[in-house]
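K.L.:
Structure provided below as structure tokens; questions to follow.
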Amino acid sequence: MPIPELHQRNLRTKSRFYRLKIKSLLFLFKFTIFAFFQEYAMNLKIEPKEIIDAYSTPIVQQTSFWSKVKERLGMNSCAFEFAVRNSDIYSDVGGFSYTHADFIMFFQYLNDEDYLAYIPYGPETEPSEANQGPFLEELSEILRSHLPQHCIALRYDLNWESHWCRQEDFDEQGNWIGLPKKEFQEIKLNYGTCNHNLRKANTNILPANTIVLDLSQEEETLLNRMRPKTRYNIRLALRKGVEVRSVGMEGLKIWYDLYSETALRNGLYLNDMQYFHNMFASKMECQDSDVNVKLLIAYYDETPLAAMFLVFSAHRATYLYGASTSQMRNVMPTYALQWKAIQIARENHCYEYDMFGIAPNSNPSHPMHGLYKFKHGFGGDIYHQLGCWDYPLEEDKYNYFTACEMNMQGYYS
């Protein structure tokens, strides 16, 4: 065989060899990438479910009862069951076990067709901090195909613990320093996500800061945990003869008069009477035996001075709404009211009492400073939560909505 022909054959052989090698390397690369995503992709499954079948929960806003309340006010809702592998959401957890949970979503319409999908205090399942962003992203992307058209964003009102509750986030007196700027919050929650699409909402709809009392203790222990002034005011109210009564719908007129005075005094949004009527009506329609509603009114010489809605859900009692008159405050009716609520909660086998909303810290300039001092006096533990986070689905419409929302006010600032 001539030398040039042999040389050409060798070149062709080498060329085929290198092509095969490149193909092998490409195959190996693709296989490695596939294996990587197979190993690290979140194993999350979602399917719709009936709201009436929602799991028992201490979170009032995630019950079929609350769905009924909102339905009577013209707001539709739906429920989803989900299953997620524990190793995907919890740090230092292996194996193939799954968490099965659910959540209820409400449709808040912004115009004739566009709406916000709002999940109040949900999902209840709280992943480890590093996995929270990826979990919400995966959940949001899967939910896209389950939602009716024209959803501009998902809004998660998260009651998960704030990421800024470590020792360095408190001053020498133990006061919470507060949150960093919005952009830094977003960087942290979006860590590990693909789209970096989670946005901190301009306002929180439900309280992001609250106080919870441990009711598993004896009454005397509960009293001893309170601040001396609070304990004194409770006993003073009882000595003065303040009486707290549990009433039904017949007490709504008294409640609404006190509530209207409170709202006007503090510049709060005023719901109409029907809103509170729906609380009782929804309970009568709801089949959830874990939920109960009580309206408590504090009287002095047959004069109503303070009132509250107390809601039981599973093992938790929640002080949902409160009102009082500015008259005869010297008999301390609000202290007698809270103490009675604590006693009734314990009688109903609750071991948590959520006082539902305080100022983020003891800063005297905060408009809710008075409420902070009052509730803090009862000796519970303060919880700082993540609050409202959005996952936009239609960017332009979402940006327009958030611009308008800047002029709105949430439940608490």
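Scheme for the structure tokens: letters A, B, ... for chains in order shown; per-chain residue numbers from 1; ligand numbers from 1 in order shown.
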Which residues, written as a list in words, have at least one atom at most 7 Å from Glu47 (chain A), with only C-alpha atoms counted and residues fewer than 5 positions away on the same chain left out?

P.N.:
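Returned residues: Phe80, Glu81 and Phe82 of chain A.
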
K.L.:
What parts of region 80-223 of chain A does DSSP call strand (DSSP E or B)? I'd like the answer as a PyMOL selection string.

P.N.:
chain A and resi 80-85+98-109+115-120+151-161+170+176+199-200+204+209-214

K.L.:
With C-alpha atoms retained, export the selected residues as a PDB file, in the first residue's frame.

P.N.:
```
ATOM      1  CA  PHE A  80     -54.642  21.356  47.654  1.00  0.00           C
ATOM      2  CA  GLU A  81     -53.026  18.268  49.099  1.00  0.00           C
ATOM      3  CA  PHE A  82     -49.272  17.906  48.684  1.00  0.00           C
ATOM      4  CA  ALA A  83     -46.614  15.326  49.441  1.00  0.00           C
ATOM      5  CA  VAL A  84     -42.930  16.189  49.609  1.00  0.00           C
ATOM      6  CA  ARG A  85     -39.909  14.054  50.391  1.00  0.00           C
ATOM      7  CA  TYR A  98     -42.662  11.937  52.865  1.00  0.00           C
ATOM      8  CA  THR A  99     -44.569  14.746  54.566  1.00  0.00           C
ATOM      9  CA  HIS A 100     -48.254  14.847  53.603  1.00  0.00           C
ATOM     10  CA  ALA A 101     -49.989  18.164  54.191  1.00  0.00           C
ATOM     11  CA  ASP A 102     -52.444  20.598  52.622  1.00  0.00           C
ATOM     12  CA  PHE A 103     -53.357  24.272  52.358  1.00  0.00           C
ATOM     13  CA  ILE A 104     -56.359  26.428  51.480  1.00  0.00           C
ATOM     14  CA  MET A 105     -55.987  29.168  48.874  1.00  0.00           C
ATOM     15  CA  PHE A 106     -58.266  32.208  48.433  1.00  0.00           C
ATOM     16  CA  PHE A 107     -58.917  34.104  45.196  1.00  0.00           C
ATOM     17  CA  GLN A 108     -58.647  37.852  45.706  1.00  0.00           C
ATOM     18  CA  TYR A 109     -59.952  39.498  42.536  1.00  0.00           C
ATOM     19  CA  TYR A 115     -56.748  37.880  40.708  1.00  0.00           C
ATOM     20  CA  LEU A 116     -54.199  37.123  43.413  1.00  0.00           C
ATOM     21  CA  ALA A 117     -54.007  33.565  44.798  1.00  0.00           C
ATOM     22  CA  TYR A 118     -53.617  34.172  48.538  1.00  0.00           C
ATOM     23  CA  ILE A 119     -52.537  31.508  51.042  1.00  0.00           C
ATOM     24  CA  PRO A 120     -53.042  32.902  54.592  1.00  0.00           C
ATOM     25  CA  CYS A 151     -53.687  34.696  38.201  1.00  0.00           C
ATOM     26  CA  ILE A 152     -51.074  37.468  38.377  1.00  0.00           C
ATOM     27  CA  ALA A 153     -49.242  36.092  41.443  1.00  0.00           C
ATOM     28  CA  LEU A 154     -49.279  33.686  44.339  1.00  0.00           C
ATOM     29  CA  ARG A 155     -49.096  35.355  47.748  1.00  0.00           C
ATOM     30  CA  TYR A 156     -47.849  33.289  50.678  1.00  0.00           C
ATOM     31  CA  ASP A 157     -48.585  34.883  54.055  1.00  0.00           C
ATOM     32  CA  LEU A 158     -45.932  32.849  55.837  1.00  0.00           C
ATOM     33  CA  ASN A 159     -46.102  32.217  59.569  1.00  0.00           C
ATOM     34  CA  TRP A 160     -42.680  30.560  59.367  1.00  0.00           C
ATOM     35  CA  GLU A 161     -40.088  31.953  61.759  1.00  0.00           C
ATOM     36  CA  PHE A 170     -31.463  41.528  69.275  1.00  0.00           C
ATOM     37  CA  TRP A 176     -35.626  42.759  68.300  1.00  0.00           C
ATOM     38  CA  ARG A 199     -40.610  38.994  46.178  1.00  0.00           C
ATOM     39  CA  LYS A 200     -41.239  40.473  49.613  1.00  0.00           C
ATOM     40  CA  ASN A 204     -48.302  42.084  55.509  1.00  0.00           C
ATOM     41  CA  ASN A 209     -45.425  39.439  64.921  1.00  0.00           C
ATOM     42  CA  THR A 210     -47.401  37.833  67.704  1.00  0.00           C
ATOM     43  CA  ILE A 211     -47.317  36.594  71.298  1.00  0.00           C
ATOM     44  CA  VAL A 212     -48.276  33.028  72.216  1.00  0.00           C
ATOM     45  CA  LEU A 213     -49.026  31.841  75.759  1.00  0.00           C
ATOM     46  CA  ASP A 214     -48.340  28.283  76.875  1.00  0.00           C
TER      47      ASP A 214
END
```

K.L.:
How many Å lie between CA of Thr203 (chain A) and CA of His376 (chain A), rounded to one decimal?

P.N.:
23.5 Å

K.L.:
Please provide the set of residues having any atom within 9 Å of region 162-169 of chain A, restricted to only C-alpha atoms, with same-chain residues fewer than 2 positions apart removed, written as a PDB file with N, CA and C atoms, in the first residue's frame.

P.N.:
```
ATOM      1  N   GLU A 129     -34.538  26.366  56.896  1.00  0.00           N
ATOM      2  CA  GLU A 129     -34.360  27.703  56.324  1.00  0.00           C
ATOM      3  C   GLU A 129     -33.769  27.678  54.915  1.00  0.00           C
ATOM      4  N   ASN A 159     -46.294  32.118  58.116  1.00  0.00           N
ATOM      5  CA  ASN A 159     -46.102  32.217  59.569  1.00  0.00           C
ATOM      6  C   ASN A 159     -44.860  31.442  60.000  1.00  0.00           C
ATOM      7  N   TRP A 160     -43.970  31.183  59.048  1.00  0.00           N
ATOM      8  CA  TRP A 160     -42.680  30.560  59.367  1.00  0.00           C
ATOM      9  C   TRP A 160     -41.812  31.578  60.113  1.00  0.00           C
ATOM     10  N   ASP A 171     -30.915  43.536  70.536  1.00  0.00           N
ATOM     11  CA  ASP A 171     -29.992  44.432  71.221  1.00  0.00           C
ATOM     12  C   ASP A 171     -29.695  43.938  72.639  1.00  0.00           C
ATOM     13  N   GLY A 174     -32.542  42.903  74.767  1.00  0.00           N
ATOM     14  CA  GLY A 174     -33.370  41.812  74.273  1.00  0.00           C
ATOM     15  C   GLY A 174     -34.435  42.240  73.295  1.00  0.00           C
ATOM     16  N   ASN A 175     -34.392  43.494  72.848  1.00  0.00           N
ATOM     17  CA  ASN A 175     -35.362  43.976  71.866  1.00  0.00           C
ATOM     18  C   ASN A 175     -34.934  43.577  70.453  1.00  0.00           C
ATOM     19  N   TRP A 176     -35.909  43.167  69.678  1.00  0.00           N
ATOM     20  CA  TRP A 176     -35.626  42.759  68.300  1.00  0.00           C
ATOM     21  C   TRP A 176     -35.222  43.971  67.483  1.00  0.00           C
ATOM     22  N   ILE A 177     -34.106  43.871  66.763  1.00  0.00           N
ATOM     23  CA  ILE A 177     -33.621  44.978  65.944  1.00  0.00           C
ATOM     24  C   ILE A 177     -34.519  45.184  64.727  1.00  0.00           C
ATOM     25  N   GLY A 178     -35.067  44.095  64.194  1.00  0.00           N
ATOM     26  CA  GLY A 178     -35.963  44.191  63.048  1.00  0.00           C
ATOM     27  C   GLY A 178     -35.365  43.612  61.788  1.00  0.00           C
ATOM     28  N   LEU A 179     -36.035  43.860  60.666  1.00  0.00           N
ATOM     29  CA  LEU A 179     -35.664  43.257  59.399  1.00  0.00           C
ATOM     30  C   LEU A 179     -34.654  44.103  58.635  1.00  0.00           C
ATOM     31  N   PRO A 180     -33.817  43.461  57.821  1.00  0.00           N
ATOM     32  CA  PRO A 180     -32.955  44.229  56.912  1.00  0.00           C
ATOM     33  C   PRO A 180     -33.793  44.793  55.762  1.00  0.00           C
ATOM     34  N   GLN A 185     -33.620  40.769  52.185  1.00  0.00           N
ATOM     35  CA  GLN A 185     -34.542  39.680  52.508  1.00  0.00           C
ATOM     36  C   GLN A 185     -34.755  38.786  51.290  1.00  0.00           C
ATOM     37  N   LYS A 188     -31.842  36.462  50.449  1.00  0.00           N
ATOM     38  CA  LYS A 188     -31.730  35.300  51.338  1.00  0.00           C
ATOM     39  C   LYS A 188     -32.774  34.244  51.021  1.00  0.00           C
ATOM     40  N   LEU A 189     -34.060  34.637  50.840  1.00  0.00           N
ATOM     41  CA  LEU A 189     -35.091  33.628  50.596  1.00  0.00           C
ATOM     42  C   LEU A 189     -34.932  32.993  49.213  1.00  0.00           C
ATOM     43  N   ALA A 208     -47.441  39.713  61.333  1.00  0.00           N
ATOM     44  CA  ALA A 208     -46.186  38.962  61.209  1.00  0.00           C
ATOM     45  C   ALA A 208     -45.484  38.826  62.553  1.00  0.00           C
ATOM     46  N   TYR A 383     -43.125  35.822  68.803  1.00  0.00           N
ATOM     47  CA  TYR A 383     -42.721  35.152  67.564  1.00  0.00           C
ATOM     48  C   TYR A 383     -42.697  36.171  66.430  1.00  0.00           C
ATOM     49  N   HIS A 384     -41.573  36.187  65.698  1.00  0.00           N
ATOM     50  CA  HIS A 384     -41.437  37.026  64.508  1.00  0.00           C
ATOM     51  C   HIS A 384     -41.487  36.115  63.287  1.00  0.00           C
ATOM     52  N   GLN A 385     -42.378  36.420  62.353  1.00  0.00           N
ATOM     53  CA  GLN A 385     -42.644  35.544  61.212  1.00  0.00           C
ATOM     54  C   GLN A 385     -42.232  36.213  59.902  1.00  0.00           C
ATOM     55  N   LEU A 386     -42.170  35.415  58.840  1.00  0.00           N
ATOM     56  CA  LEU A 386     -41.678  35.920  57.551  1.00  0.00           C
ATOM     57  C   LEU A 386     -42.652  36.873  56.870  1.00  0.00           C
ATOM     58  N   GLY A 387     -43.950  36.728  57.140  1.00  0.00           N
ATOM     59  CA  GLY A 387     -44.932  37.623  56.529  1.00  0.00           C
ATOM     60  C   GLY A 387     -45.212  37.293  55.074  1.00  0.00           C
TER      61      GLY A 387
END
```

K.L.:
According to DSSP computed on the backbone, where in region 84-277 of chain A is there helix (DSSP H, G or I)? Give the residues as an mmCIF file with C-alpha atoms, in the first residue's frame.

P.N.:
```cif
data_model
loop_
_atom_site.group_PDB
_atom_site.id
_atom_site.type_symbol
_atom_site.label_atom_id
_atom_site.label_comp_id
_atom_site.auth_asym_id
_atom_site.auth_seq_id
_atom_site.Cartn_x
_atom_site.Cartn_y
_atom_site.Cartn_z
ATOM 1 C CA ASN A 86 -38.531 14.962 53.817
ATOM 2 C CA SER A 87 -34.949 14.911 52.598
ATOM 3 C CA ASP A 88 -35.888 17.677 50.137
ATOM 4 C CA ILE A 89 -37.192 20.120 52.712
ATOM 5 C CA GLU A 129 -34.360 27.703 56.324
ATOM 6 C CA ALA A 130 -32.060 26.835 53.388
ATOM 7 C CA ASN A 131 -34.832 24.867 51.640
ATOM 8 C CA GLN A 132 -37.664 27.359 51.988
ATOM 9 C CA GLY A 133 -37.029 29.287 48.779
ATOM 10 C CA PRO A 134 -36.642 26.194 46.556
ATOM 11 C CA PHE A 135 -39.764 24.658 48.125
ATOM 12 C CA LEU A 136 -41.901 27.763 47.466
ATOM 13 C CA GLU A 137 -40.542 28.041 43.928
ATOM 14 C CA GLU A 138 -41.290 24.401 43.119
ATOM 15 C CA LEU A 139 -44.738 24.650 44.706
ATOM 16 C CA SER A 140 -45.534 27.818 42.741
ATOM 17 C CA GLU A 141 -44.440 26.405 39.405
ATOM 18 C CA ILE A 142 -46.494 23.240 39.889
ATOM 19 C CA LEU A 143 -49.534 25.283 40.958
ATOM 20 C CA ARG A 144 -49.476 27.232 37.677
ATOM 21 C CA SER A 145 -51.259 24.429 35.847
ATOM 22 C CA HIS A 146 -53.875 24.008 38.596
ATOM 23 C CA GLN A 167 -28.844 36.326 68.914
ATOM 24 C CA GLU A 168 -27.197 39.073 66.869
ATOM 25 C CA ASP A 169 -30.632 40.301 65.757
ATOM 26 C CA LYS A 182 -36.285 44.380 51.364
ATOM 27 C CA GLU A 183 -33.623 43.526 48.769
ATOM 28 C CA PHE A 184 -31.515 41.672 51.355
ATOM 29 C CA GLN A 185 -34.542 39.680 52.508
ATOM 30 C CA GLU A 186 -35.170 38.669 48.899
ATOM 31 C CA ILE A 187 -31.558 37.615 48.337
ATOM 32 C CA LYS A 188 -31.730 35.300 51.338
ATOM 33 C CA LEU A 189 -35.091 33.628 50.596
ATOM 34 C CA GLU A 219 -53.348 29.010 86.362
ATOM 35 C CA GLU A 220 -51.100 30.075 89.219
ATOM 36 C CA THR A 221 -48.017 29.493 87.050
ATOM 37 C CA LEU A 222 -49.587 31.520 84.225
ATOM 38 C CA LEU A 223 -50.242 34.391 86.630
ATOM 39 C CA ASN A 224 -46.698 34.232 87.983
ATOM 40 C CA ARG A 225 -45.279 34.507 84.445
ATOM 41 C CA PRO A 228 -46.644 42.392 88.113
ATOM 42 C CA LYS A 229 -48.732 45.277 86.708
ATOM 43 C CA THR A 230 -50.752 42.898 84.514
ATOM 44 C CA ARG A 231 -51.346 40.507 87.399
ATOM 45 C CA TYR A 232 -52.406 43.433 89.600
ATOM 46 C CA ASN A 233 -54.833 44.788 86.985
ATOM 47 C CA ILE A 234 -56.510 41.375 86.551
ATOM 48 C CA ARG A 235 -57.106 41.119 90.302
ATOM 49 C CA LEU A 236 -58.245 44.737 90.471
ATOM 50 C CA ALA A 237 -60.851 44.151 87.752
ATOM 51 C CA LEU A 238 -62.169 41.098 89.598
ATOM 52 C CA ARG A 239 -62.320 43.020 92.900
ATOM 53 C CA LYS A 240 -64.201 45.851 91.172
ATOM 54 C CA MET A 249 -75.525 36.482 67.965
ATOM 55 C CA GLU A 250 -77.668 38.527 70.355
ATOM 56 C CA GLY A 251 -74.461 40.257 71.483
ATOM 57 C CA LEU A 252 -73.435 41.464 68.025
ATOM 58 C CA LYS A 253 -75.027 44.928 68.421
ATOM 59 C CA ILE A 254 -73.073 45.531 71.639
ATOM 60 C CA TRP A 255 -69.919 44.199 69.996
ATOM 61 C CA TYR A 256 -70.312 46.404 66.951
ATOM 62 C CA ASP A 257 -70.824 49.571 68.989
ATOM 63 C CA LEU A 258 -67.591 48.888 70.905
ATOM 64 C CA TYR A 259 -65.769 47.860 67.739
ATOM 65 C CA SER A 260 -66.859 51.002 65.842
ATOM 66 C CA GLU A 261 -65.630 53.203 68.681
ATOM 67 C CA THR A 262 -62.297 51.367 68.732
ATOM 68 C CA ALA A 263 -61.823 51.586 64.958
ATOM 69 C CA LEU A 264 -62.588 55.301 64.858
ATOM 70 C CA ARG A 265 -60.344 55.984 67.862
ATOM 71 C CA ASN A 266 -57.367 54.177 66.307
ATOM 72 C CA MET A 273 -71.883 44.283 60.947
ATOM 73 C CA GLN A 274 -72.441 41.519 58.373
ATOM 74 C CA TYR A 275 -68.743 40.659 58.509
ATOM 75 C CA PHE A 276 -69.043 39.603 62.148
ATOM 76 C CA HIS A 277 -72.471 38.031 61.685
#
```

K.L.:
Calculated over only C-alpha atoms, which of the candidates A:Gly380, A:Tyr372, A:Ala306, A:Phe356 has the smallest distance to Ala336 (chain A)?

P.N.:
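The answer is A:Ala306, which sits nearest to Ala336 (chain A).
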
K.L.:
Measuring between only C-alpha atoms, which one of A:Val291, A:Leu268, A:Leu206, A:Ile297 shows the shortest distance to Gly248 (chain A)?

P.N.:
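Residue with the minimum atom-to-atom distance to Gly248 (chain A): A:Ile297.
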
K.L.:
So, with only C-alpha atoms as the atoms that count, which of A:Asp92, A:Leu310, A:Met279, A:Val244 lies closest to Thr334 (chain A)?

P.N.:
A:Val244

K.L.:
One decimal, in Å: what's the spacing between CA of Met355 (chain A) and CA of Leu320 (chain A)?

P.N.:
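Those two atoms sit 7.7 Å apart.
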
K.L.:
With only C-alpha atoms as the atoms that count, which of A:Leu371, A:Ala281, A:Ala345, A:Met332 lies nearest to Ser216 (chain A)?

P.N.:
A:Ala345

K.L.:
At a cut-off of 12 Å, using only C-alpha atoms, what residues contact Leu215 (chain A)? Leave out same-chain residues fewer than 6 positions from it and give the result as a PDB file with N, CA and C atoms, in the first residue's frame.

P.N.:
```pdb
ATOM      1  N   THR A 221     -49.273  29.333  87.784  1.00  0.00           N
ATOM      2  CA  THR A 221     -48.017  29.493  87.050  1.00  0.00           C
ATOM      3  C   THR A 221     -48.169  30.543  85.953  1.00  0.00           C
ATOM      4  N   LEU A 222     -49.317  30.520  85.258  1.00  0.00           N
ATOM      5  CA  LEU A 222     -49.587  31.520  84.225  1.00  0.00           C
ATOM      6  C   LEU A 222     -49.573  32.922  84.822  1.00  0.00           C
ATOM      7  N   LEU A 223     -50.211  33.082  85.970  1.00  0.00           N
ATOM      8  CA  LEU A 223     -50.242  34.391  86.630  1.00  0.00           C
ATOM      9  C   LEU A 223     -48.837  34.833  87.044  1.00  0.00           C
ATOM     10  N   ARG A 225     -46.082  34.150  85.618  1.00  0.00           N
ATOM     11  CA  ARG A 225     -45.279  34.507  84.445  1.00  0.00           C
ATOM     12  C   ARG A 225     -45.609  35.905  83.927  1.00  0.00           C
ATOM     13  N   HIS A 315     -55.735  22.676  68.882  1.00  0.00           N
ATOM     14  CA  HIS A 315     -55.243  22.895  70.244  1.00  0.00           C
ATOM     15  C   HIS A 315     -54.950  24.358  70.551  1.00  0.00           C
ATOM     16  N   ARG A 316     -55.339  25.281  69.651  1.00  0.00           N
ATOM     17  CA  ARG A 316     -54.993  26.692  69.841  1.00  0.00           C
ATOM     18  C   ARG A 316     -56.245  27.556  69.955  1.00  0.00           C
ATOM     19  N   ALA A 317     -56.182  28.531  70.870  1.00  0.00           N
ATOM     20  CA  ALA A 317     -57.199  29.585  70.953  1.00  0.00           C
ATOM     21  C   ALA A 317     -56.577  30.869  70.406  1.00  0.00           C
ATOM     22  N   TRP A 339     -58.112  37.484  80.804  1.00  0.00           N
ATOM     23  CA  TRP A 339     -57.963  36.397  81.780  1.00  0.00           C
ATOM     24  C   TRP A 339     -59.086  35.372  81.628  1.00  0.00           C
ATOM     25  N   ALA A 341     -60.697  34.776  78.854  1.00  0.00           N
ATOM     26  CA  ALA A 341     -60.428  34.072  77.594  1.00  0.00           C
ATOM     27  C   ALA A 341     -59.404  32.966  77.808  1.00  0.00           C
ATOM     28  N   ILE A 342     -58.384  33.236  78.596  1.00  0.00           N
ATOM     29  CA  ILE A 342     -57.366  32.226  78.907  1.00  0.00           C
ATOM     30  C   ILE A 342     -57.994  31.053  79.652  1.00  0.00           C
ATOM     31  N   GLN A 343     -58.853  31.347  80.614  1.00  0.00           N
ATOM     32  CA  GLN A 343     -59.510  30.287  81.386  1.00  0.00           C
ATOM     33  C   GLN A 343     -60.414  29.432  80.502  1.00  0.00           C
ATOM     34  N   ILE A 344     -61.195  30.085  79.636  1.00  0.00           N
ATOM     35  CA  ILE A 344     -62.092  29.349  78.739  1.00  0.00           C
ATOM     36  C   ILE A 344     -61.283  28.498  77.760  1.00  0.00           C
ATOM     37  N   ALA A 345     -60.175  29.027  77.260  1.00  0.00           N
ATOM     38  CA  ALA A 345     -59.319  28.268  76.343  1.00  0.00           C
ATOM     39  C   ALA A 345     -58.805  27.003  77.018  1.00  0.00           C
ATOM     40  N   ARG A 346     -58.380  27.107  78.262  1.00  0.00           N
ATOM     41  CA  ARG A 346     -57.893  25.936  78.992  1.00  0.00           C
ATOM     42  C   ARG A 346     -59.019  24.922  79.214  1.00  0.00           C
ATOM     43  N   GLU A 347     -60.225  25.427  79.506  1.00  0.00           N
ATOM     44  CA  GLU A 347     -61.373  24.533  79.689  1.00  0.00           C
ATOM     45  C   GLU A 347     -61.700  23.768  78.416  1.00  0.00           C
ATOM     46  N   ASN A 348     -61.371  24.383  77.265  1.00  0.00           N
ATOM     47  CA  ASN A 348     -61.628  23.751  75.970  1.00  0.00           C
ATOM     48  C   ASN A 348     -60.414  22.981  75.458  1.00  0.00           C
ATOM     49  N   HIS A 349     -59.501  22.636  76.368  1.00  0.00           N
ATOM     50  CA  HIS A 349     -58.347  21.773  76.086  1.00  0.00           C
ATOM     51  C   HIS A 349     -57.359  22.387  75.097  1.00  0.00           C
ATOM     52  N   CYS A 350     -57.306  23.714  75.054  1.00  0.00           N
ATOM     53  CA  CYS A 350     -56.281  24.382  74.249  1.00  0.00           C
ATOM     54  C   CYS A 350     -55.013  24.509  75.083  1.00  0.00           C
ATOM     55  N   TYR A 351     -53.866  24.303  74.459  1.00  0.00           N
ATOM     56  CA  TYR A 351     -52.620  24.516  75.182  1.00  0.00           C
ATOM     57  C   TYR A 351     -51.773  25.623  74.562  1.00  0.00           C
ATOM     58  N   GLU A 352     -52.374  26.400  73.649  1.00  0.00           N
ATOM     59  CA  GLU A 352     -51.745  27.614  73.129  1.00  0.00           C
ATOM     60  C   GLU A 352     -52.785  28.716  73.059  1.00  0.00           C
ATOM     61  N   TYR A 353     -52.357  29.937  73.360  1.00  0.00           N
ATOM     62  CA  TYR A 353     -53.231  31.100  73.227  1.00  0.00           C
ATOM     63  C   TYR A 353     -52.484  32.150  72.417  1.00  0.00           C
ATOM     64  N   ASP A 354     -52.944  32.363  71.189  1.00  0.00           N
ATOM     65  CA  ASP A 354     -52.316  33.305  70.263  1.00  0.00           C
ATOM     66  C   ASP A 354     -52.979  34.665  70.432  1.00  0.00           C
ATOM     67  N   PHE A 378     -48.769  39.789  79.559  1.00  0.00           N
ATOM     68  CA  PHE A 378     -49.362  38.495  79.923  1.00  0.00           C
ATOM     69  C   PHE A 378     -48.337  37.356  79.919  1.00  0.00           C
ATOM     70  N   GLY A 379     -47.089  37.670  79.569  1.00  0.00           N
ATOM     71  CA  GLY A 379     -46.014  36.715  79.792  1.00  0.00           C
ATOM     72  C   GLY A 379     -45.797  35.657  78.739  1.00  0.00           C
ATOM     73  N   GLY A 380     -46.330  35.850  77.537  1.00  0.00           N
ATOM     74  CA  GLY A 380     -46.133  34.851  76.486  1.00  0.00           C
ATOM     75  C   GLY A 380     -44.802  35.015  75.776  1.00  0.00           C
ATOM     76  N   ASP A 381     -44.574  34.157  74.801  1.00  0.00           N
ATOM     77  CA  ASP A 381     -43.360  34.195  73.982  1.00  0.00           C
ATOM     78  C   ASP A 381     -43.643  34.949  72.685  1.00  0.00           C
TER      79      ASP A 381
END
```

K.L.:
Select, from A:Lys283, A:Gln338, A:Tyr299, A:Ser362, the residue with the minimum atom-to-atom distance to Thr325 (chain A), counting only C-alpha atoms.

P.N.:
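Selected residue with least distance to Thr325 (chain A): A:Tyr299.
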